[in-house]
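Below is coords-v7.cif, holding mmCIF, C-alpha atoms and all ligand atoms.
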```
data_upload
#
loop_
_atom_site.label_atom_id
_atom_site.label_comp_id
_atom_site.auth_asym_id
_atom_site.auth_seq_id
_atom_site.Cartn_x
_atom_site.Cartn_y
_atom_site.Cartn_z
CA MET K 207 -3.18 -2.83 2.38
CA ALA K 208 -6.54 -3.83 3.81
CA ARG K 209 -7.86 -2.36 7.00
CA SER K 210 -7.91 -5.10 9.62
CA PHE K 211 -4.57 -4.04 11.09
CA ALA K 212 -5.87 -0.68 12.02
CA GLN K 213 -6.76 -1.72 15.52
CA LEU K 214 -3.04 -1.94 16.22
CA ALA K 215 -2.24 1.32 14.50
CA ARG K 216 0.08 3.70 16.20
CA SER K 217 -0.67 7.36 15.80
CA ALA K 218 -0.33 8.03 12.12
CA GLU K 219 2.69 9.85 10.77
CA LYS K 220 1.85 13.46 10.13
CA SER K 221 2.36 14.86 6.68
CA SER K 222 1.74 18.29 5.24
CA SER K 223 -0.51 16.81 2.60
CA SER K 224 -2.46 19.30 0.56
CA ILE K 225 -4.40 16.67 -1.32
CA ALA K 226 -6.68 15.38 1.41
CA VAL K 227 -10.10 14.24 0.19
CA PRO K 228 -13.18 13.34 2.26
CA LYS K 229 -12.61 9.98 3.94
CA GLU K 230 -16.19 8.72 3.67
CA PRO K 231 -16.67 5.79 1.27
CA LEU K 232 -18.25 6.76 -2.07
CA GLU K 233 -21.06 4.87 -3.77
CA THR K 234 -18.75 4.21 -6.72
CA ALA K 235 -14.95 4.35 -6.50
CA PRO K 236 -13.30 6.49 -9.21
CA LEU K 237 -10.77 3.74 -9.97
CA ASP K 238 -11.07 -0.05 -10.23
CA ILE K 239 -8.62 -2.08 -8.15
CA HIS K 240 -7.01 -5.03 -9.93
CA THR K 241 -7.07 -8.37 -8.14
CA LEU K 242 -4.69 -11.35 -7.85
CA GLY K 243 -4.36 -12.98 -11.24
CA ASP K 244 -4.42 -9.68 -13.19
CA ASP K 245 -1.13 -9.09 -15.02
CA ALA K 246 -1.39 -5.39 -14.15
CA LEU K 247 -0.24 -6.25 -10.62
CA ARG K 248 2.95 -7.92 -11.81
CA GLY K 249 4.78 -5.17 -13.70
CA ASP K 250 7.52 -2.78 -12.57
CA ALA K 251 6.44 0.79 -11.87
CA ARG K 252 8.39 3.68 -13.42
CA ARG K 253 9.80 6.60 -11.44
CA ILE K 254 7.79 9.80 -11.72
CA GLY K 255 9.73 12.70 -13.27
CA LYS K 256 7.62 15.79 -12.72
CA VAL K 257 5.24 15.92 -9.77
CA ASP K 258 2.42 17.96 -11.27
CA GLU K 259 -1.36 18.33 -11.01
CA ARG K 260 -1.83 15.15 -13.03
CA VAL K 261 0.06 13.17 -10.36
CA ARG K 262 -1.90 14.90 -7.57
CA ASP K 263 -5.21 14.14 -9.35
CA LEU K 264 -4.22 10.48 -9.54
CA ALA K 265 -3.29 10.50 -5.83
CA ARG K 266 -6.70 12.01 -4.96
CA ASP K 267 -8.53 9.39 -7.02
CA MET K 268 -6.43 6.66 -5.40
CA LEU K 269 -7.31 8.01 -1.94
CA ARG K 270 -11.04 8.14 -2.77
CA SER K 271 -10.83 4.56 -4.05
CA MET K 272 -8.85 3.43 -1.00
CA TYR K 273 -11.33 4.97 1.46
CA THR K 274 -14.24 3.46 -0.50
CA ALA K 275 -12.61 0.01 -0.33
CA ARG K 276 -11.85 0.59 3.38
CA GLY K 277 -8.12 0.23 2.96
CA ILE K 278 -5.17 1.86 4.67
CA GLY K 279 -2.78 1.85 1.69
CA LEU K 280 -2.92 1.70 -2.10
CA ALA K 281 -0.21 1.60 -4.78
CA ALA K 282 -0.68 2.96 -8.31
CA PRO K 283 -0.12 -0.43 -10.04
CA GLN K 284 -3.21 -1.70 -8.17
CA VAL K 285 -5.28 0.72 -10.26
CA GLY K 286 -3.36 -0.16 -13.42
CA VAL K 287 -0.95 2.81 -13.39
CA HIS K 288 2.70 1.72 -13.48
CA GLN K 289 4.17 4.72 -11.71
CA GLN K 290 5.91 4.91 -8.34
CA LEU K 291 3.10 6.46 -6.30
CA LEU K 292 1.63 5.24 -3.00
CA VAL K 293 -1.08 6.61 -0.72
CA ILE K 294 -1.38 5.59 2.94
CA ASP K 295 -3.76 6.60 5.74
CA LEU K 296 -3.64 4.66 8.98
CA ASP K 297 -5.90 7.19 10.69
CA PHE K 298 -8.91 6.87 8.39
CA GLU K 299 -11.33 7.53 11.25
CA THR K 300 -10.05 11.06 11.84
CA PRO K 301 -11.19 13.38 9.03
CA SER K 302 -8.53 16.01 9.77
CA THR K 303 -5.45 13.75 9.69
CA PRO K 304 -3.80 14.20 6.29
CA PRO K 305 -2.94 11.10 4.27
CA LEU K 306 0.64 10.26 3.34
CA VAL K 307 1.61 10.41 -0.34
CA LEU K 308 4.91 8.74 -1.30
CA ILE K 309 6.40 9.32 -4.75
CA ASN K 310 9.50 7.39 -5.89
CA PRO K 311 10.02 5.91 -2.40
CA GLU K 312 13.35 4.25 -1.63
CA ILE K 313 14.17 2.37 1.56
CA THR K 314 17.55 3.59 2.78
CA THR K 315 17.82 1.55 5.99
CA CYS K 316 16.10 -1.61 7.26
CA SER K 317 16.27 -2.84 10.84
CA ALA K 318 17.91 -6.21 11.41
CA SER K 319 14.98 -7.16 13.65
CA VAL K 320 11.87 -8.58 12.02
CA ASP K 321 8.21 -8.88 13.00
CA THR K 322 5.55 -11.35 11.97
CA TYR K 323 2.14 -9.80 11.44
CA GLU K 324 -1.07 -10.53 9.59
CA GLU K 325 -1.49 -8.64 6.30
CA GLY K 326 -4.29 -8.20 3.83
CA CYS K 327 -4.46 -6.44 0.46
CA LEU K 328 -7.22 -4.66 -1.45
CA SER K 329 -6.10 -6.71 -4.47
CA ILE K 330 -6.71 -10.00 -2.63
CA PRO K 331 -9.91 -9.23 -0.72
CA GLY K 332 -10.69 -11.41 2.28
CA VAL K 333 -7.27 -13.07 2.47
CA TYR K 334 -5.27 -12.37 5.66
CA LEU K 335 -2.00 -14.15 6.40
CA ASP K 336 1.19 -13.68 8.41
CA VAL K 337 4.17 -12.06 6.70
CA VAL K 338 7.67 -11.51 8.14
CA ARG K 339 9.21 -8.08 7.49
CA PRO K 340 11.83 -5.77 9.02
CA THR K 341 10.41 -3.97 12.07
CA ALA K 342 11.67 -0.48 11.21
CA ILE K 343 12.77 1.35 8.08
CA GLN K 344 14.08 4.69 6.93
CA LEU K 345 13.13 5.96 3.52
CA SER K 346 13.47 8.82 1.10
CA PHE K 347 10.69 9.94 -1.25
CA ARG K 348 9.07 12.96 -2.84
CA ASP K 349 5.84 14.32 -1.43
CA GLU K 350 2.82 15.41 -3.45
CA MET K 351 4.43 18.80 -4.09
CA GLY K 352 7.60 17.14 -5.41
CA ARG K 353 9.62 18.06 -2.31
CA PRO K 354 12.36 15.58 -1.32
CA ARG K 355 11.61 14.11 2.11
CA THR K 356 12.93 11.44 4.44
CA MET K 357 11.16 9.61 7.23
CA LYS K 358 11.59 6.86 9.81
CA ALA K 359 8.79 4.38 10.34
CA ASP K 360 8.11 1.43 12.58
CA GLY K 361 5.11 -0.62 13.63
CA LEU K 362 2.13 -0.63 11.29
CA MET K 363 3.46 2.30 9.25
CA ALA K 364 6.72 0.49 8.43
CA ARG K 365 4.78 -2.61 7.48
CA CYS K 366 2.29 -0.75 5.33
CA ILE K 367 5.02 1.16 3.45
CA GLN K 368 6.93 -2.07 2.73
CA HIS K 369 3.75 -3.82 1.59
CA GLU K 370 2.85 -0.95 -0.76
CA MET K 371 6.42 -0.62 -2.07
CA ASP K 372 6.34 -4.31 -3.02
CA HIS K 373 3.47 -3.45 -5.39
CA LEU K 374 5.84 -1.12 -7.28
CA ARG K 375 7.88 -4.12 -8.40
CA GLY K 376 5.03 -6.50 -8.96
CA VAL K 377 5.33 -8.32 -5.63
CA LEU K 378 2.21 -9.22 -3.60
CA PHE K 379 2.17 -10.13 0.09
CA VAL K 380 1.05 -13.68 -0.68
CA ASP K 381 4.39 -14.17 -2.48
CA ARG K 382 6.06 -13.74 0.95
CA VAL K 383 3.81 -16.08 2.94
CA THR K 384 5.78 -19.07 4.25
CA ASP K 385 2.80 -21.08 5.54
CA ALA K 386 2.09 -22.90 2.26
CA GLY K 387 -0.87 -24.85 3.64
CA GLY K 388 -2.57 -21.82 5.13
CA LEU K 389 -1.97 -19.84 1.96
CA LYS K 390 -3.52 -22.48 -0.26
CA LYS K 391 -6.61 -22.70 1.93
CA GLU K 392 -7.11 -18.94 2.30
CA LEU K 393 -6.81 -18.38 -1.45
CA LYS K 394 -9.20 -21.19 -2.28
CA ASP K 395 -11.73 -20.00 0.33
CA HIS K 396 -11.77 -16.57 -1.30
CA GLY K 397 -11.88 -17.67 -4.94
CA PHE K 398 -8.23 -17.09 -5.86
CA LEU K 399 -5.78 -19.46 -7.56
CA SER K 400 -2.59 -20.64 -5.84
CA THR K 401 -0.97 -20.69 -9.28
CA ASP K 402 -1.17 -16.87 -9.33
CA VAL K 403 1.28 -16.68 -6.40
CA ARG K 404 4.96 -16.14 -7.27
CA PRO K 405 6.79 -17.27 -4.13
CA ILE K 406 9.86 -15.34 -3.03
CA THR K 407 12.54 -17.55 -1.56
CA PRO K 408 13.96 -15.74 1.46
NI NI C 1 -1.59 -4.59 -1.29
#
```

In structure tokens, what does this structure look like?
Amino acid sequence: MARSFAQLARSAEKSSSSIAVPKEPLETAPLDIHTLGDDALRGDARRIGKVDERVRDLARDMLRSMYTARGIGLAAPQVGVHQQLLVIDLDFETPSTPPLVLINPEITTCSASVDTYEEGCLSIPGVYLDVVRPTAIQLSFRDEMGRPRTMKADGLMARCIQHEMDHLRGVLFVDRVTDAGGLKKELKDHGFLSTDVRPITP
């Protein structure tokens, strides 16, 4: 997810991440981020079996790429890897706050209440539009050491997790935008094609 929501960030969820990397942007990101129109963004991601150093190396490279692109969340399919791995850091301005790494995340509970909030995506740079999503979620996942974990999230964290989890099944936030006119204009203004959107009927 792109960074503009950060001003409304609540204090970031703490994790015991052992894969933190420097948060300063690099001159060159280690991984390229695919953009709207690339088929890589539209596939299903596979569950990760063994959480090993290879997975942690990928998570580190994703974090470096996310910080370089000034994002707050990145999903593996965005860098062309179809595995169920997400990295999130809402507190990118604090070097000591560890990022959150979610492997094989599953939402176990969704609130009935929904929020409307403006989203952006590193795969659709410059485009920001309102999306309706459940306000709060509970989820299960494995952390970067392969440990099973559960967490509750609301506010920006809940939104960011849901946005990134959509990437694991080839869904982009623009697919959920209900303001068809605004969507068309935003995409055109930023050089994207409306025909690359795959609307989800609620
Ligand atoms: Ni995204």

Next on the checklist: For ligand NI 1 (chain C), return the neighbouring residues as an MDAnalysis selection string (distance at most 10 Å; only C-alpha atoms and all ligand atoms).
Outcome noted: chainID K and resid 207:208 241:242 247 277:281 283:284 325:331 366:373 377:380

Next on the checklist: When you look at Asp245 (chain K) with a cut-off of 10 Å (counting all atoms listed in the file), what residues show up, excluding the ones that are within fewer than 5 positions of it in the same chain? I need them as an MDAnalysis selection string.
Outcome noted: chainID K and resid 240 286 376 402

Take the residues from that selection and put them in a file with C-alpha atoms, as a compact mmCIF listing (two decimals), in the frame of the given file.
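To be explicit, this is the file written out as result22.txt:
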```txt
# COMPACT_ATOMS: atom_id res chain seq x y z
CA HIS K 240 -7.01 -5.03 -9.93
CA GLY K 286 -3.36 -0.16 -13.42
CA GLY K 376 5.03 -6.50 -8.96
CA ASP K 402 -1.17 -16.87 -9.33
```

Checklist entry - Between CA of Tyr323 (chain K) and CA of Leu335 (chain K), what is the distance, to one decimal in Å? => result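 Separating CA of Tyr323 (chain K) from CA of Leu335 (chain K) is a distance of 7.8 Å.
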
Next on the checklist: When you count all atoms listed in the file, which of these residues is closest to Leu308 (chain K): K:Gly397, K:Pro354, K:Gly255, K:Pro236?
Outcome noted: K:Pro354

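Between CA of Ala364 (chain K) and CA of Gln344 (chain K) the separation is 8.6 Å.
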
Checklist entry - When distances are computed from all atoms listed in the file, which of K:Ser346, K:Ser317, K:Ser400, K:Thr407 shows the smallest separation from Asp360 (chain K)? => result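 Counting all atoms listed in the file, the residue closest to Asp360 (chain K) is K:Ser317.
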
Checklist entry - Which protein, DNA or RNA residues are at most 12 Å from (-0.2, 10.9, -2.3) in the file's coordinates when you count only C-alpha atoms, listed as a PyMOL selection string? => result chain K and resi 221-227+257-270+272+279-282+290-295+304-311+347-352

Next on the checklist: Please list as a count of residues only every residue within 10 Å of Asp395 (chain K), counting only C-alpha atoms and excluding residues in the same chain fewer than 6 positions away.
Outcome noted: 3

Checklist entry - CA of Ser210 (chain K) to CA of Gly361 (chain K): how many Å, to one decimal? => result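 Straight-line distance from CA of Ser210 (chain K) to CA of Gly361 (chain K) works out to 14.3 Å.
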
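The residue that comes closest to Ile254 (chain K), out of K:Ile406, K:Val320, K:Val338, K:Leu374 and on the basis of only C-alpha atoms, is K:Leu374.
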
Can you give me N, CA, C and O atoms for region 306-331 of chain K, written as a compact mmCIF listing (two decimals), in the frame of the given file?
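Writing the result to selection-v1.txt gives the following:
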```txt
# COMPACT_ATOMS: atom_id res chain seq x y z
N LEU K 306 -0.77 10.22 3.74
CA LEU K 306 0.64 10.26 3.34
C LEU K 306 0.71 9.88 1.86
O LEU K 306 0.13 8.87 1.46
N VAL K 307 1.41 10.70 1.08
CA VAL K 307 1.61 10.41 -0.34
C VAL K 307 3.10 10.20 -0.55
O VAL K 307 3.90 11.07 -0.20
N LEU K 308 3.50 9.06 -1.08
CA LEU K 308 4.91 8.74 -1.30
C LEU K 308 5.15 8.57 -2.79
O LEU K 308 4.55 7.69 -3.42
N ILE K 309 6.03 9.39 -3.33
CA ILE K 309 6.40 9.32 -4.75
C ILE K 309 7.86 8.89 -4.84
O ILE K 309 8.71 9.41 -4.10
N ASN K 310 8.15 7.93 -5.72
CA ASN K 310 9.50 7.39 -5.89
C ASN K 310 10.14 6.99 -4.56
O ASN K 310 11.30 7.35 -4.28
N PRO K 311 9.44 6.25 -3.70
CA PRO K 311 10.02 5.91 -2.40
C PRO K 311 11.20 4.94 -2.53
O PRO K 311 11.19 4.07 -3.39
N GLU K 312 12.20 5.16 -1.69
CA GLU K 312 13.35 4.25 -1.63
C GLU K 312 13.66 3.99 -0.17
O GLU K 312 13.80 4.93 0.62
N ILE K 313 13.78 2.72 0.19
CA ILE K 313 14.17 2.37 1.56
C ILE K 313 15.68 2.52 1.67
O ILE K 313 16.42 1.94 0.89
N THR K 314 16.11 3.34 2.64
CA THR K 314 17.55 3.59 2.78
C THR K 314 18.16 2.74 3.90
O THR K 314 19.34 2.42 3.86
N THR K 315 17.35 2.40 4.89
CA THR K 315 17.82 1.55 5.99
C THR K 315 16.69 0.64 6.44
O THR K 315 15.54 1.07 6.56
N CYS K 316 17.05 -0.63 6.71
CA CYS K 316 16.10 -1.61 7.26
C CYS K 316 16.64 -2.09 8.58
O CYS K 316 17.84 -2.34 8.69
N SER K 317 15.80 -2.27 9.58
CA SER K 317 16.27 -2.84 10.84
C SER K 317 16.63 -4.31 10.64
O SER K 317 16.08 -4.98 9.77
N ALA K 318 17.56 -4.79 11.46
CA ALA K 318 17.91 -6.21 11.41
C ALA K 318 16.78 -7.04 12.04
O ALA K 318 16.56 -8.19 11.67
N SER K 319 16.05 -6.41 12.99
CA SER K 319 14.98 -7.16 13.65
C SER K 319 13.76 -7.26 12.73
O SER K 319 13.49 -6.35 11.94
N VAL K 320 13.06 -8.37 12.85
CA VAL K 320 11.87 -8.58 12.02
C VAL K 320 10.66 -8.85 12.91
O VAL K 320 10.80 -9.24 14.07
N ASP K 321 9.49 -8.62 12.33
CA ASP K 321 8.21 -8.88 13.00
C ASP K 321 7.37 -9.78 12.11
O ASP K 321 7.48 -9.70 10.88
N THR K 322 6.54 -10.59 12.73
CA THR K 322 5.55 -11.35 11.97
C THR K 322 4.19 -10.73 12.26
O THR K 322 3.86 -10.49 13.43
N TYR K 323 3.43 -10.44 11.22
CA TYR K 323 2.14 -9.80 11.44
C TYR K 323 1.20 -10.14 10.28
O TYR K 323 1.65 -10.36 9.16
N GLU K 324 -0.08 -10.15 10.60
CA GLU K 324 -1.07 -10.53 9.59
C GLU K 324 -1.32 -9.37 8.62
O GLU K 324 -1.58 -8.25 9.04
N GLU K 325 -1.23 -9.66 7.32
CA GLU K 325 -1.49 -8.64 6.30
C GLU K 325 -2.67 -9.03 5.44
O GLU K 325 -3.03 -10.20 5.33
N GLY K 326 -3.26 -8.02 4.84
CA GLY K 326 -4.29 -8.20 3.83
C GLY K 326 -4.00 -7.22 2.72
O GLY K 326 -3.11 -6.38 2.85
N CYS K 327 -4.73 -7.30 1.62
CA CYS K 327 -4.46 -6.44 0.46
C CYS K 327 -5.76 -6.21 -0.29
O CYS K 327 -6.54 -7.15 -0.48
N LEU K 328 -5.99 -4.95 -0.71
CA LEU K 328 -7.22 -4.66 -1.45
C LEU K 328 -7.27 -5.42 -2.77
O LEU K 328 -8.33 -5.55 -3.36
N SER K 329 -6.13 -5.92 -3.23
CA SER K 329 -6.10 -6.71 -4.47
C SER K 329 -6.35 -8.20 -4.23
O SER K 329 -6.41 -8.97 -5.19
N ILE K 330 -6.45 -8.59 -2.96
CA ILE K 330 -6.71 -10.00 -2.63
C ILE K 330 -7.74 -10.01 -1.51
O ILE K 330 -7.48 -10.47 -0.39
N PRO K 331 -8.95 -9.47 -1.81
CA PRO K 331 -9.91 -9.23 -0.72
C PRO K 331 -10.26 -10.48 0.07
O PRO K 331 -10.50 -11.53 -0.52
```
